[in-house]
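Shown below: upload.cif, with mmCIF, C-alpha atoms (C1' of nucleotides).
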data_query
#
loop_
_atom_site.group_PDB
_atom_site.id
_atom_site.type_symbol
_atom_site.label_atom_id
_atom_site.label_comp_id
_atom_site.auth_asym_id
_atom_site.auth_seq_id
_atom_site.Cartn_x
_atom_site.Cartn_y
_atom_site.Cartn_z
ATOM 1 C CA MET A 14 0.295 6.269 -9.279
ATOM 2 C CA ALA A 15 2.370 3.700 -7.500
ATOM 3 C CA ILE A 16 2.977 0.126 -8.549
ATOM 4 C CA SER A 17 1.234 -2.199 -6.139
ATOM 5 C CA GLU A 18 2.752 -5.342 -4.726
ATOM 6 C CA ALA A 19 0.856 -7.726 -6.987
ATOM 7 C CA GLU A 20 1.722 -5.560 -9.955
ATOM 8 C CA ALA A 21 5.371 -5.657 -8.954
ATOM 9 C CA VAL A 22 5.290 -9.446 -9.168
ATOM 10 C CA VAL A 23 4.317 -9.129 -12.825
ATOM 11 C CA MET A 24 6.968 -6.491 -13.377
ATOM 12 C CA GLU A 25 9.615 -8.785 -11.940
ATOM 13 C CA VAL A 26 8.791 -11.323 -14.612
ATOM 14 C CA LEU A 27 9.136 -8.702 -17.315
ATOM 15 C CA TRP A 28 12.382 -7.460 -15.853
ATOM 16 C CA ARG A 29 13.731 -10.967 -15.926
ATOM 17 C CA GLY A 30 13.051 -11.015 -19.644
ATOM 18 C CA ALA A 31 10.908 -9.098 -22.078
ATOM 19 C CA PRO A 32 8.911 -8.999 -24.175
ATOM 20 C CA ARG A 33 6.522 -11.625 -22.881
ATOM 21 C CA THR A 34 2.981 -12.628 -23.612
ATOM 22 C CA ALA A 35 0.323 -12.742 -20.936
ATOM 23 C CA GLU A 36 0.402 -16.494 -21.219
ATOM 24 C CA GLU A 37 4.115 -16.652 -20.512
ATOM 25 C CA ILE A 38 3.748 -14.384 -17.542
ATOM 26 C CA LEU A 39 0.984 -16.533 -16.165
ATOM 27 C CA ALA A 40 3.088 -19.644 -16.658
ATOM 28 C CA GLU A 41 5.936 -18.098 -14.726
ATOM 29 C CA VAL A 42 3.915 -16.612 -11.940
ATOM 30 C CA GLY A 43 0.787 -18.734 -11.672
ATOM 31 C CA PRO A 44 2.207 -21.685 -9.770
ATOM 32 C CA ALA A 45 3.850 -19.662 -7.024
ATOM 33 C CA GLN A 46 1.107 -17.056 -6.812
ATOM 34 C CA GLN A 47 -1.894 -19.255 -7.425
ATOM 35 C CA TRP A 48 -3.259 -16.713 -9.847
ATOM 36 C CA GLN A 49 -5.784 -17.347 -12.581
ATOM 37 C CA GLU A 50 -5.451 -15.980 -16.065
ATOM 38 C CA GLY A 51 -7.865 -13.117 -15.425
ATOM 39 C CA THR A 52 -5.781 -11.912 -12.530
ATOM 40 C CA VAL A 53 -2.679 -11.525 -14.633
ATOM 41 C CA LYS A 54 -4.668 -9.802 -17.353
ATOM 42 C CA SER A 55 -6.050 -7.290 -14.885
ATOM 43 C CA LEU A 56 -2.652 -6.568 -13.461
ATOM 44 C CA LEU A 57 -1.246 -6.060 -16.941
ATOM 45 C CA ASN A 58 -4.026 -3.648 -17.793
ATOM 46 C CA ARG A 59 -3.473 -1.637 -14.651
ATOM 47 C CA LEU A 60 0.226 -1.523 -15.448
ATOM 48 C CA LEU A 61 -0.651 -0.293 -18.925
ATOM 49 C CA ARG A 62 -2.815 2.452 -17.499
ATOM 50 C CA LYS A 63 0.019 3.431 -15.220
ATOM 51 C CA LYS A 64 2.397 3.507 -18.176
ATOM 52 C CA ALA A 65 4.627 1.000 -16.440
ATOM 53 C CA VAL A 66 4.515 -1.421 -19.361
ATOM 54 C CA HIS A 67 4.048 -1.177 -23.072
ATOM 55 C CA ALA A 68 2.067 -3.627 -25.190
ATOM 56 C CA GLU A 69 2.864 -4.314 -28.791
ATOM 57 C CA ARG A 70 0.528 -6.331 -30.941
ATOM 58 C CA ASP A 71 2.012 -9.509 -32.298
ATOM 59 C CA GLY A 72 -0.640 -11.152 -34.430
ATOM 60 C CA ARG A 73 -3.528 -12.110 -32.189
ATOM 61 C CA ARG A 74 -1.684 -11.477 -28.953
ATOM 62 C CA TYR A 75 0.306 -8.765 -27.264
ATOM 63 C CA LEU A 76 3.906 -8.637 -26.240
ATOM 64 C CA TYR A 77 4.456 -6.771 -23.010
ATOM 65 C CA THR A 78 7.602 -4.815 -22.284
ATOM 66 C CA PRO A 79 8.465 -2.836 -19.165
ATOM 67 C CA LEU A 80 8.619 0.906 -19.544
ATOM 68 C CA LEU A 81 9.548 1.432 -15.924
ATOM 69 C CA SER A 82 12.971 -0.052 -15.274
ATOM 70 C CA ARG A 83 13.731 -2.158 -12.268
ATOM 71 C CA GLY A 84 16.299 0.426 -11.273
ATOM 72 C CA GLN A 85 13.737 3.206 -11.271
ATOM 73 C CA TYR A 86 11.317 1.113 -9.286
ATOM 74 C CA VAL A 87 13.899 0.033 -6.747
ATOM 75 C CA GLN A 88 14.973 3.625 -6.480
ATOM 76 C CA GLN A 89 11.470 4.861 -5.723
ATOM 77 C CA GLU A 90 10.722 2.173 -3.215
ATOM 78 C CA SER A 91 14.017 2.422 -1.412
ATOM 79 C CA LYS A 92 13.993 6.157 -1.265
ATOM 80 C CA GLY A 93 10.472 6.081 0.083
ATOM 81 C CA LEU A 94 11.409 3.774 2.894
ATOM 82 C CA LEU A 95 14.622 5.594 3.618
ATOM 83 C CA ASP A 96 12.893 8.943 3.827
ATOM 84 C CA ARG A 97 10.015 7.709 5.899
ATOM 85 C CA LEU A 98 11.988 5.688 8.394
ATOM 86 C CA PHE A 99 15.585 6.810 8.435
ATOM 87 C CA GLY A 100 15.485 10.509 7.718
ATOM 88 C CA GLY A 101 16.692 9.862 4.192
ATOM 89 C CA ARG A 102 20.109 8.665 5.291
ATOM 90 C CA VAL A 103 21.646 5.317 4.481
ATOM 91 C CA ALA A 104 23.942 4.827 7.449
ATOM 92 C CA PRO A 105 21.135 4.639 10.022
ATOM 93 C CA LEU A 106 19.454 2.014 7.912
ATOM 94 C CA VAL A 107 22.547 -0.131 7.872
ATOM 95 C CA ALA A 108 23.035 0.505 11.566
ATOM 96 C CA HIS A 109 19.522 -0.754 12.116
ATOM 97 C CA PHE A 110 20.247 -4.013 10.381
ATOM 98 C CA SER A 111 23.504 -4.240 12.216
ATOM 99 C CA GLU A 112 21.745 -3.928 15.548
ATOM 100 C CA GLN A 113 19.304 -6.595 14.498
ATOM 101 C CA ARG A 114 22.266 -8.830 13.663
ATOM 102 C CA LYS A 115 20.969 -9.004 10.139
ATOM 103 C CA LEU A 116 24.335 -8.343 8.532
ATOM 104 C CA SER A 117 25.805 -11.530 7.141
ATOM 105 C CA LYS A 118 29.523 -12.090 6.864
ATOM 106 C CA LYS A 119 29.085 -11.671 3.174
ATOM 107 C CA ASP A 120 27.276 -8.364 3.641
ATOM 108 C CA ILE A 121 30.069 -7.091 5.816
ATOM 109 C CA ALA A 122 32.729 -8.163 3.378
ATOM 110 C CA GLU A 123 30.897 -6.540 0.511
ATOM 111 C CA LEU A 124 30.309 -3.336 2.406
ATOM 112 C CA ARG A 125 33.990 -3.176 3.192
ATOM 113 C CA GLN A 126 34.813 -3.694 -0.457
ATOM 114 C CA LEU A 127 32.315 -1.054 -1.462
ATOM 115 C CA LEU A 128 33.861 1.485 0.854
ATOM 116 C CA ARG A 129 37.293 0.666 -0.495
ATOM 117 C CA GLU A 130 36.048 1.314 -3.998
ATOM 118 C CA LEU A 131 34.570 4.620 -2.965
ATOM 119 C CA ASP A 132 37.964 5.498 -1.536
ATOM 120 C CA ASP A 133 39.673 4.643 -4.791
ATOM 121 C CA GLU A 134 37.214 6.611 -6.880
ATOM 122 C CA ARG A 135 38.032 9.632 -4.860
ATOM 123 C CA HIS A 136 41.627 9.031 -6.219
ATOM 124 C CA MET B 14 -2.848 -6.538 9.044
ATOM 125 C CA ALA B 15 -0.272 -3.991 8.098
ATOM 126 C CA ILE B 16 0.012 -0.418 9.291
ATOM 127 C CA SER B 17 -0.823 1.949 6.447
ATOM 128 C CA GLU B 18 1.106 5.053 5.606
ATOM 129 C CA ALA B 19 -1.395 7.467 7.131
ATOM 130 C CA GLU B 20 -1.576 5.290 10.224
ATOM 131 C CA ALA B 21 2.204 5.346 10.452
ATOM 132 C CA VAL B 22 2.121 9.142 10.637
ATOM 133 C CA VAL B 23 0.010 8.838 13.774
ATOM 134 C CA MET B 24 2.300 6.163 15.170
ATOM 135 C CA GLU B 25 5.302 8.425 14.679
ATOM 136 C CA VAL B 26 3.685 10.982 16.935
ATOM 137 C CA LEU B 27 3.089 8.368 19.602
ATOM 138 C CA TRP B 28 6.622 7.080 19.278
ATOM 139 C CA ARG B 29 7.913 10.582 19.781
ATOM 140 C CA GLY B 30 6.064 10.631 23.081
ATOM 141 C CA ALA B 31 3.212 8.739 24.675
ATOM 142 C CA PRO B 32 0.641 8.699 25.987
ATOM 143 C CA ARG B 33 -1.157 11.355 23.993
ATOM 144 C CA THR B 34 -4.729 12.402 23.516
ATOM 145 C CA ALA B 35 -6.348 12.541 20.095
ATOM 146 C CA GLU B 36 -6.295 16.293 20.375
ATOM 147 C CA GLU B 37 -2.559 16.402 20.958
ATOM 148 C CA ILE B 38 -1.969 14.115 18.036
ATOM 149 C CA LEU B 39 -4.093 16.310 15.826
ATOM 150 C CA ALA B 40 -2.231 19.396 16.976
ATOM 151 C CA GLU B 41 1.065 17.797 16.087
ATOM 152 C CA VAL B 42 0.043 16.319 12.784
ATOM 153 C CA GLY B 43 -2.795 18.475 11.534
ATOM 154 C CA PRO B 44 -0.805 21.415 10.200
ATOM 155 C CA ALA B 45 1.599 19.350 8.124
ATOM 156 C CA GLN B 46 -0.950 16.776 7.059
ATOM 157 C CA GLN B 47 -3.973 19.023 6.652
ATOM 158 C CA TRP B 48 -6.075 16.505 8.488
ATOM 159 C CA GLN B 49 -9.316 17.171 10.277
ATOM 160 C CA GLU B 50 -10.150 15.829 13.677
ATOM 161 C CA GLY B 51 -12.261 12.988 12.309
ATOM 162 C CA THR B 52 -9.395 11.745 10.229
ATOM 163 C CA VAL B 53 -7.129 11.333 13.217
ATOM 164 C CA LYS B 54 -9.909 9.615 15.165
ATOM 165 C CA SER B 55 -10.493 7.143 12.377
ATOM 166 C CA LEU B 56 -6.822 6.364 12.113
ATOM 167 C CA LEU B 57 -6.627 5.863 15.860
ATOM 168 C CA ASN B 58 -9.577 3.499 15.743
ATOM 169 C CA ARG B 59 -8.046 1.464 12.969
ATOM 170 C CA LEU B 60 -4.812 1.301 14.915
ATOM 171 C CA LEU B 61 -6.777 0.093 17.935
ATOM 172 C CA ARG B 62 -8.401 -2.648 15.864
ATOM 173 C CA LYS B 63 -4.970 -3.655 14.628
ATOM 174 C CA LYS B 64 -3.689 -3.747 18.202
ATOM 175 C CA ALA B 65 -0.984 -1.277 17.299
ATOM 176 C CA VAL B 66 -2.029 1.147 20.006
ATOM 177 C CA HIS B 67 -3.701 0.926 23.372
ATOM 178 C CA ALA B 68 -6.226 3.410 24.691
ATOM 179 C CA GLU B 69 -6.678 4.139 28.345
ATOM 180 C CA ARG B 70 -9.558 6.210 29.556
ATOM 181 C CA ASP B 71 -8.564 9.376 31.334
ATOM 182 C CA GLY B 72 -11.713 11.090 32.434
ATOM 183 C CA ARG B 73 -13.595 12.253 29.363
ATOM 184 C CA ARG B 74 -10.861 11.426 26.910
ATOM 185 C CA TYR B 75 -8.494 8.657 26.028
ATOM 186 C CA LEU B 76 -4.762 8.432 26.286
ATOM 187 C CA TYR B 77 -3.212 6.537 23.435
ATOM 188 C CA THR B 78 -0.019 4.530 23.779
ATOM 189 C CA PRO B 79 1.770 2.531 21.115
ATOM 190 C CA LEU B 80 1.769 -1.217 21.520
ATOM 191 C CA LEU B 81 3.844 -1.755 18.411
ATOM 192 C CA SER B 82 7.303 -0.296 18.926
ATOM 193 C CA ARG B 83 9.007 1.800 16.318
ATOM 194 C CA GLY B 84 11.756 -0.784 16.217
ATOM 195 C CA GLN B 85 9.328 -3.559 15.384
ATOM 196 C CA TYR B 86 7.710 -1.458 12.722
ATOM 197 C CA VAL B 87 10.965 -0.369 11.156
ATOM 198 C CA GLN B 88 12.095 -3.948 11.260
ATOM 199 C CA GLN B 89 9.029 -5.214 9.399
ATOM 200 C CA GLU B 90 9.119 -2.518 6.781
ATOM 201 C CA SER B 91 12.822 -2.745 6.146
ATOM 202 C CA LYS B 92 12.853 -6.492 5.990
ATOM 203 C CA GLY B 93 9.936 -6.420 3.585
ATOM 204 C CA LEU B 94 11.723 -4.097 1.224
ATOM 205 C CA LEU B 95 15.004 -5.916 1.563
ATOM 206 C CA ASP B 96 13.435 -9.261 0.808
ATOM 207 C CA ARG B 97 11.347 -8.031 -2.072
ATOM 208 C CA LEU B 98 14.006 -6.018 -3.810
ATOM 209 C CA PHE B 99 17.436 -7.108 -2.714
ATOM 210 C CA GLY B 100 17.182 -10.818 -2.080
ATOM 211 C CA GLY B 101 17.182 -10.161 1.643
ATOM 212 C CA ARG B 102 20.766 -8.910 1.687
ATOM 213 C CA VAL B 103 21.958 -5.552 2.923
ATOM 214 C CA ALA B 104 25.066 -5.039 0.820
ATOM 215 C CA PRO B 105 23.202 -4.875 -2.499
ATOM 216 C CA LEU B 106 20.922 -2.258 -1.024
ATOM 217 C CA VAL B 107 23.822 -0.079 -0.020
ATOM 218 C CA ALA B 108 25.450 -0.710 -3.384
ATOM 219 C CA HIS B 109 22.276 0.501 -5.000
ATOM 220 C CA PHE B 110 22.362 3.787 -3.133
ATOM 221 C CA SER B 111 26.034 4.060 -3.835
ATOM 222 C CA GLU B 112 25.430 3.758 -7.565
ATOM 223 C CA GLN B 113 22.737 6.380 -7.318
ATOM 224 C CA ARG B 114 25.252 8.639 -5.578
ATOM 225 C CA LYS B 115 22.934 8.781 -2.647
ATOM 226 C CA LEU B 116 25.627 8.178 -0.078
ATOM 227 C CA SER B 117 26.540 11.378 1.689
ATOM 228 C CA LYS B 118 29.973 11.991 3.104
ATOM 229 C CA LYS B 119 28.413 11.528 6.480
ATOM 230 C CA ASP B 120 26.895 8.218 5.449
ATOM 231 C CA ILE B 121 30.236 6.974 4.258
ATOM 232 C CA ALA B 122 31.984 8.083 7.411
ATOM 233 C CA GLU B 123 29.360 6.419 9.564
ATOM 234 C CA LEU B 124 29.462 3.217 7.586
ATOM 235 C CA ARG B 125 33.195 3.117 7.994
ATOM 236 C CA GLN B 126 32.823 3.636 11.698
ATOM 237 C CA LEU B 127 30.181 0.958 11.866
ATOM 238 C CA LEU B 128 32.422 -1.563 10.163
ATOM 239 C CA ARG B 129 35.232 -0.687 12.513
ATOM 240 C CA GLU B 130 32.973 -1.363 15.453
ATOM 241 C CA LEU B 131 31.934 -4.681 14.013
ATOM 242 C CA ASP B 132 35.626 -5.501 13.728
ATOM 243 C CA ASP B 133 36.220 -4.624 17.347
ATOM 244 C CA GLU B 134 33.283 -6.664 18.557
ATOM 245 C CA ARG B 135 34.763 -9.669 16.872
ATOM 246 C CA HIS B 136 37.821 -9.039 19.206
ATOM 247 C "C1'" DT C 14 -20.203 -19.616 -44.098
ATOM 248 C "C1'" DG C 15 -21.203 -20.426 -39.526
ATOM 249 C "C1'" DC C 16 -19.298 -21.875 -35.152
ATOM 250 C "C1'" DC C 17 -15.476 -22.366 -31.927
ATOM 251 C "C1'" DA C 18 -11.417 -21.179 -29.576
ATOM 252 C "C1'" DC C 19 -8.331 -17.788 -28.213
ATOM 253 C "C1'" DC C 20 -7.147 -13.394 -26.432
ATOM 254 C "C1'" DG C 21 -7.678 -8.951 -24.611
ATOM 255 C "C1'" DT C 22 -11.190 -5.636 -22.451
ATOM 256 C "C1'" DT C 23 -14.818 -4.668 -19.325
ATOM 257 C "C1'" DT C 24 -17.166 -5.371 -15.333
ATOM 258 C "C1'" DA C 25 -17.461 -7.188 -10.612
ATOM 259 C "C1'" DC C 26 -16.816 -7.572 -5.779
ATOM 260 C "C1'" DG C 27 -14.943 -7.668 -1.250
ATOM 261 C "C1'" DT C 28 -11.471 -5.306 1.527
ATOM 262 C "C1'" DA C 29 -8.254 -1.556 2.738
ATOM 263 C "C1'" DC C 30 -7.210 3.256 2.700
ATOM 264 C "C1'" DG C 31 -7.609 8.310 2.919
ATOM 265 C "C1'" DT C 32 -10.567 11.544 4.389
ATOM 266 C "C1'" DA C 33 -14.385 13.140 6.742
ATOM 267 C "C1'" DA C 34 -19.411 13.960 8.250
ATOM 268 C "C1'" DT C 35 -22.834 12.211 11.424
ATOM 269 C "C1'" DT C 36 -24.346 10.336 15.579
ATOM 270 C "C1'" DG C 37 -24.468 9.522 20.328
ATOM 271 C "C1'" DA C 38 -23.155 9.847 25.034
ATOM 272 C "C1'" DA C 39 -21.216 12.299 28.798
ATOM 273 C "C1'" DA C 40 -19.726 16.498 30.843
ATOM 274 C "C1'" DA C 41 -20.067 21.410 31.424
ATOM 275 C "C1'" DT C 42 -22.816 25.559 31.445
ATOM 276 C "C1'" DT C 43 -26.853 28.356 32.015
ATOM 277 C "C1'" DA D 7 -33.164 20.649 34.521
ATOM 278 C "C1'" DA D 8 -32.394 22.006 29.835
ATOM 279 C "C1'" DT D 9 -29.023 23.170 26.649
ATOM 280 C "C1'" DT D 10 -24.665 23.328 24.782
ATOM 281 C "C1'" DT D 11 -20.186 21.530 24.230
ATOM 282 C "C1'" DT D 12 -16.903 17.888 23.849
ATOM 283 C "C1'" DC D 13 -15.290 13.493 22.693
ATOM 284 C "C1'" DA D 14 -15.281 9.052 20.747
ATOM 285 C "C1'" DA D 15 -17.719 5.640 17.825
ATOM 286 C "C1'" DT D 16 -20.242 4.821 13.667
ATOM 287 C "C1'" DT D 17 -21.161 5.508 9.095
ATOM 288 C "C1'" DA D 18 -19.900 7.253 4.521
ATOM 289 C "C1'" DC D 19 -17.698 7.519 0.176
ATOM 290 C "C1'" DG D 20 -14.476 7.556 -3.530
ATOM 291 C "C1'" DT D 21 -10.344 5.166 -5.014
ATOM 292 C "C1'" DA D 22 -6.947 1.395 -5.117
ATOM 293 C "C1'" DC D 23 -6.034 -3.445 -4.742
ATOM 294 C "C1'" DG D 24 -6.438 -8.485 -5.104
ATOM 295 C "C1'" DT D 25 -8.815 -11.610 -7.444
ATOM 296 C "C1'" DA D 26 -11.583 -13.154 -11.026
ATOM 297 C "C1'" DA D 27 -15.809 -13.911 -14.094
ATOM 298 C "C1'" DA D 28 -18.229 -12.188 -18.173
ATOM 299 C "C1'" DC D 29 -18.075 -10.091 -22.665
ATOM 300 C "C1'" DG D 30 -16.550 -9.344 -27.268
ATOM 301 C "C1'" DG D 31 -13.903 -9.485 -31.393
ATOM 302 C "C1'" DT D 32 -11.175 -12.080 -34.685
ATOM 303 C "C1'" DG D 33 -8.937 -15.690 -36.935
ATOM 304 C "C1'" DG D 34 -9.175 -20.733 -37.863
ATOM 305 C "C1'" DC D 35 -11.730 -24.793 -38.884
ATOM 306 C "C1'" DA D 36 -15.731 -27.793 -40.127
#
Turn this file's structure into C-alpha cells for me.
Amino acid sequence: MAISEAEAVVMEVLWRGAPRTAEEILAEVGPAQQWQEGTVKSLLNRLLRKKAVHAERDGRRYLYTPLLSRGQYVQQESKGLLDRLFGGRVAPLVAHFSEQRKLSKKDIAELRQLLRELDDERH
Amino acid sequence: MAISEAEAVVMEVLWRGAPRTAEEILAEVGPAQQWQEGTVKSLLNRLLRKKAVHAERDGRRYLYTPLLSRGQYVQQESKGLLDRLFGGRVAPLVAHFSEQRKLSKKDIAELRQLLRELDDERH
DNA sequence: TGCCACCGTTTACGTACGTAATTGAAAATT
DNA sequence: AATTTTCAATTACGTACGTAAACGGTGGCA
C-alpha cells in the first residue's frame, strides 16, 4: 500500500529526526497543517499498519521511528511519475522543465557539475 | 479537483488522438487495463465533471475531447512532486536518479545536449 | 483506594477512487 | 408498432484518505 500525502507529512517529520513521540510530531506539524491530535494519531496508526514506521514503547508513550527511508520513498514516487509521464527516462523530464523555463541558474550549474562528475567517474 | 490515476489513463488515450468515442477509448485501453465498458464511462463522466474533457454529441454517441492538455497535466504533476520532494529544484531530482544509477547513456547524452542548447540560447 | 489525566486504539464520517451493474432513453430491427 | 439493441447517465459498493471524536487502559495523585 502506498503512503498517502498526509501520511508523508508525518514521515517527513520522522525523517528530519527520529525517534519522536506523537506529541512531538503534532507540535511540529500541527501549526502548519492545522491538525488535531487525533489526526496525527490516525496517520501514525495507518503508517504502522503499512509497516512504514515502527513504534517502541517508552514508558507510557511510544517512540516512532521510520522503517521506510526517505530515499526509498523518494525513489518510489519519482519512478512512478517518471514512468507514467516520461516513459521512464530522465532527460525528457528535464527537457520539460527546461521548456517551462523552470530551470534556475543554480539548477543549470549543478546539472553541469553533475555531468562533469559522471564523466570523471567513467575515468 | 485532481485527475486520478485511472482517469489519467483515459486522458492519455485522448491526448494520443481526439476526439474519440467511449467505444474507441475502451478498445484502446480495455485489453491492457482489463476494464469493462462501464468503467470507462464512469471515468469519462468524472472527467467531464472535472472539466478535463469536453463531450460533443455526434448522433447517438458522444465525441470526447481533452480540455486539459497533456502539457498542463504533466506540469502540475511534475511540479507537485518536485515541490514535495526536492524543494522545488530540478538539479536535486536529477542527482537523485544519478545516485540510483537510473541515468541511461542516452539520458546523459541528451542532458549534455540540452545544456549545450541552453548555452547557445544565452548567446 | 478511588478518581483523574494522559496516551494509544477504535470507531466514525464524508469524499474520492476503482470498478461495475442497473436504468433509461433513443435508435434500429422485425 | 412492438421489440431489441445501443449508448450514456445513475446508482452501487468496497476501500483509501483526511479529519477527528469516543473509548479504554494505566500510572499518578488526593
Considering only C-alpha atoms (C1' of nucleotides), give me a table of residues in chain B that are at most 12 Å from chain C, with the closest atom pair and distance in Å for each, as CSV.
residue,atom,partner,partner_atom,distance
B:Met14,CA,C:DA29,C1',9.7
B:Ala15,CA,C:DA29,C1',9.9
B:Ile16,CA,C:DC30,C1',10.4
B:Ser17,CA,C:DC30,C1',7.5
B:Glu18,CA,C:DC30,C1',9.0
B:Ala19,CA,C:DG31,C1',7.6
B:Glu20,CA,C:DC30,C1',9.6
B:Gln46,CA,C:DT32,C1',11.3
B:Gln47,CA,C:DT32,C1',10.2
B:Trp48,CA,C:DT32,C1',7.8
B:Gln49,CA,C:DA33,C1',7.4
B:Glu50,CA,C:DA33,C1',8.6
B:Gly51,CA,C:DA33,C1',6.0
B:Thr52,CA,C:DT32,C1',6.0
B:Val53,CA,C:DT32,C1',9.5
B:Lys54,CA,C:DA33,C1',10.2
B:Ser55,CA,C:DA33,C1',9.1
B:Leu56,CA,C:DG31,C1',9.4
B:Arg59,CA,C:DC30,C1',10.5
B:Gly72,CA,C:DA40,C1',9.8
B:Arg73,CA,C:DA40,C1',7.6
B:Arg74,CA,C:DA39,C1',10.6
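Taking CA of Lys115 (chain B) and CA of Gln89 (chain A) as endpoints, the distance between them is 12.5 Å.
Residues matching the PyMOL selection byres ((chain A) within 7 of (chain B)) in this structure come to Val87, Leu98, Arg102, Val103, Ala104, Leu116, Asp120, Glu123 and Leu124 of chain A.
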Within 10 Å of chain B: residues of chain D, using all atoms listed in the file, as JSON, numbers by chain: {"D": [12, 13, 14, 15]}
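When CA of Leu76 (chain B) is paired with CA of Arg33 (chain B), their separation reads 5.2 Å.
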Fitted chain B, least squares over ordered Cα pairs with chain A, as a short mmCIF file (atom, residue, chain, number, x, y, z; two decimals) with C-alpha atoms, in the frame of the given file:
data_model
loop_
_atom_site.label_atom_id
_atom_site.label_comp_id
_atom_site.auth_asym_id
_atom_site.auth_seq_id
_atom_site.Cartn_x
_atom_site.Cartn_y
_atom_site.Cartn_z
CA MET B 14 0.11 6.29 -9.24
CA ALA B 15 2.26 3.74 -7.52
CA ILE B 16 2.91 0.17 -8.57
CA SER B 17 1.22 -2.20 -6.15
CA GLU B 18 2.79 -5.31 -4.74
CA ALA B 19 0.91 -7.72 -6.99
CA GLU B 20 1.72 -5.54 -9.97
CA ALA B 21 5.38 -5.58 -8.98
CA VAL B 22 5.37 -9.38 -9.19
CA VAL B 23 4.37 -9.07 -12.84
CA MET B 24 6.97 -6.39 -13.43
CA GLU B 25 9.67 -8.65 -12.01
CA VAL B 26 8.86 -11.20 -14.67
CA LEU B 27 9.14 -8.58 -17.38
CA TRP B 28 12.38 -7.29 -15.94
CA ARG B 29 13.78 -10.78 -16.02
CA GLY B 30 13.08 -10.83 -19.73
CA ALA B 31 10.88 -8.94 -22.15
CA PRO B 32 8.86 -8.90 -24.21
CA ARG B 33 6.52 -11.56 -22.90
CA THR B 34 2.99 -12.62 -23.59
CA ALA B 35 0.36 -12.77 -20.87
CA GLU B 36 0.51 -16.52 -21.12
CA GLU B 37 4.24 -16.62 -20.48
CA ILE B 38 3.86 -14.34 -17.52
CA LEU B 39 1.15 -16.54 -16.11
CA ALA B 40 3.29 -19.62 -16.61
CA GLU B 41 6.13 -18.02 -14.71
CA VAL B 42 4.10 -16.55 -11.91
CA GLY B 43 1.02 -18.72 -11.63
CA PRO B 44 2.49 -21.66 -9.74
CA ALA B 45 4.10 -19.60 -7.00
CA GLN B 46 1.33 -17.03 -6.80
CA GLN B 47 -1.65 -19.28 -7.38
CA TRP B 48 -3.07 -16.76 -9.79
CA GLN B 49 -5.57 -17.43 -12.52
CA GLU B 50 -5.28 -16.08 -16.00
CA GLY B 51 -7.72 -13.25 -15.37
CA THR B 52 -5.67 -12.00 -12.48
CA VAL B 53 -2.57 -11.58 -14.59
CA LYS B 54 -4.59 -9.86 -17.32
CA SER B 55 -6.04 -7.40 -14.86
CA LEU B 56 -2.65 -6.61 -13.44
CA LEU B 57 -1.27 -6.10 -16.93
CA ASN B 58 -4.11 -3.74 -17.75
CA ARG B 59 -3.55 -1.71 -14.63
CA LEU B 60 0.14 -1.54 -15.44
CA LEU B 61 -0.76 -0.33 -18.93
CA ARG B 62 -2.97 2.41 -17.48
CA LYS B 63 -0.11 3.42 -15.21
CA LYS B 64 2.24 3.52 -18.19
CA ALA B 65 4.52 1.05 -16.48
CA VAL B 66 4.40 -1.37 -19.38
CA HIS B 67 3.89 -1.14 -23.10
CA ALA B 68 1.92 -3.62 -25.16
CA GLU B 69 2.66 -4.34 -28.77
CA ARG B 70 0.32 -6.41 -30.84
CA ASP B 71 1.84 -9.57 -32.22
CA GLY B 72 -0.79 -11.29 -34.27
CA ARG B 73 -3.55 -12.47 -31.96
CA ARG B 74 -1.74 -11.64 -28.76
CA TYR B 75 0.21 -8.87 -27.17
CA LEU B 76 3.83 -8.64 -26.22
CA TYR B 77 4.39 -6.75 -23.02
CA THR B 78 7.52 -4.73 -22.32
CA PRO B 79 8.36 -2.74 -19.22
CA LEU B 80 8.48 1.01 -19.60
CA LEU B 81 9.45 1.54 -15.99
CA SER B 82 12.90 0.09 -15.38
CA ARG B 83 13.69 -2.01 -12.37
CA GLY B 84 16.25 0.58 -11.39
CA GLN B 85 13.68 3.35 -11.37
CA TYR B 86 11.30 1.24 -9.37
CA VAL B 87 13.89 0.15 -6.85
CA GLN B 88 14.99 3.73 -6.58
CA GLN B 89 11.48 4.98 -5.79
CA GLU B 90 10.74 2.28 -3.28
CA SER B 91 14.05 2.51 -1.50
CA LYS B 92 14.02 6.26 -1.33
CA GLY B 93 10.49 6.18 0.01
CA LEU B 94 11.43 3.85 2.82
CA LEU B 95 14.65 5.67 3.55
CA ASP B 96 12.91 9.01 3.77
CA ARG B 97 10.02 7.77 5.83
CA LEU B 98 11.99 5.76 8.32
CA PHE B 99 15.58 6.86 8.38
CA GLY B 100 15.54 10.57 7.70
CA GLY B 101 16.73 9.92 4.17
CA ARG B 102 20.14 8.68 5.27
CA VAL B 103 21.67 5.33 4.47
CA ALA B 104 23.95 4.81 7.46
CA PRO B 105 21.12 4.64 10.01
CA LEU B 106 19.44 2.02 7.88
CA VAL B 107 22.51 -0.15 7.85
CA ALA B 108 22.98 0.47 11.55
CA HIS B 109 19.46 -0.75 12.07
CA PHE B 110 20.15 -4.03 10.32
CA SER B 111 23.41 -4.30 12.16
CA GLU B 112 21.64 -4.01 15.50
CA GLN B 113 19.18 -6.63 14.40
CA ARG B 114 22.12 -8.88 13.55
CA LYS B 115 20.86 -9.02 10.03
CA LEU B 116 24.23 -8.41 8.46
CA SER B 117 25.66 -11.60 7.07
CA LYS B 118 29.37 -12.20 6.82
CA LYS B 119 28.97 -11.73 3.12
CA ASP B 120 27.19 -8.43 3.62
CA ILE B 121 29.98 -7.18 5.82
CA ALA B 122 32.64 -8.28 3.39
CA GLU B 123 30.84 -6.61 0.51
CA LEU B 124 30.29 -3.42 2.43
CA ARG B 125 33.96 -3.31 3.23
CA GLN B 126 34.79 -3.82 -0.40
CA LEU B 127 32.33 -1.14 -1.40
CA LEU B 128 33.91 1.38 0.94
CA ARG B 129 37.32 0.51 -0.39
CA GLU B 130 36.12 1.19 -3.90
CA LEU B 131 34.67 4.50 -2.86
CA ASP B 132 38.07 5.33 -1.41
CA ASP B 133 39.79 4.46 -4.65
CA GLU B 134 37.39 6.50 -6.73
CA ARG B 135 38.25 9.51 -4.66
CA HIS B 136 41.89 8.89 -5.90
#
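The coordinates place C1' of DT11 (chain D) at 18.0 Å from CA of Thr34 (chain B).
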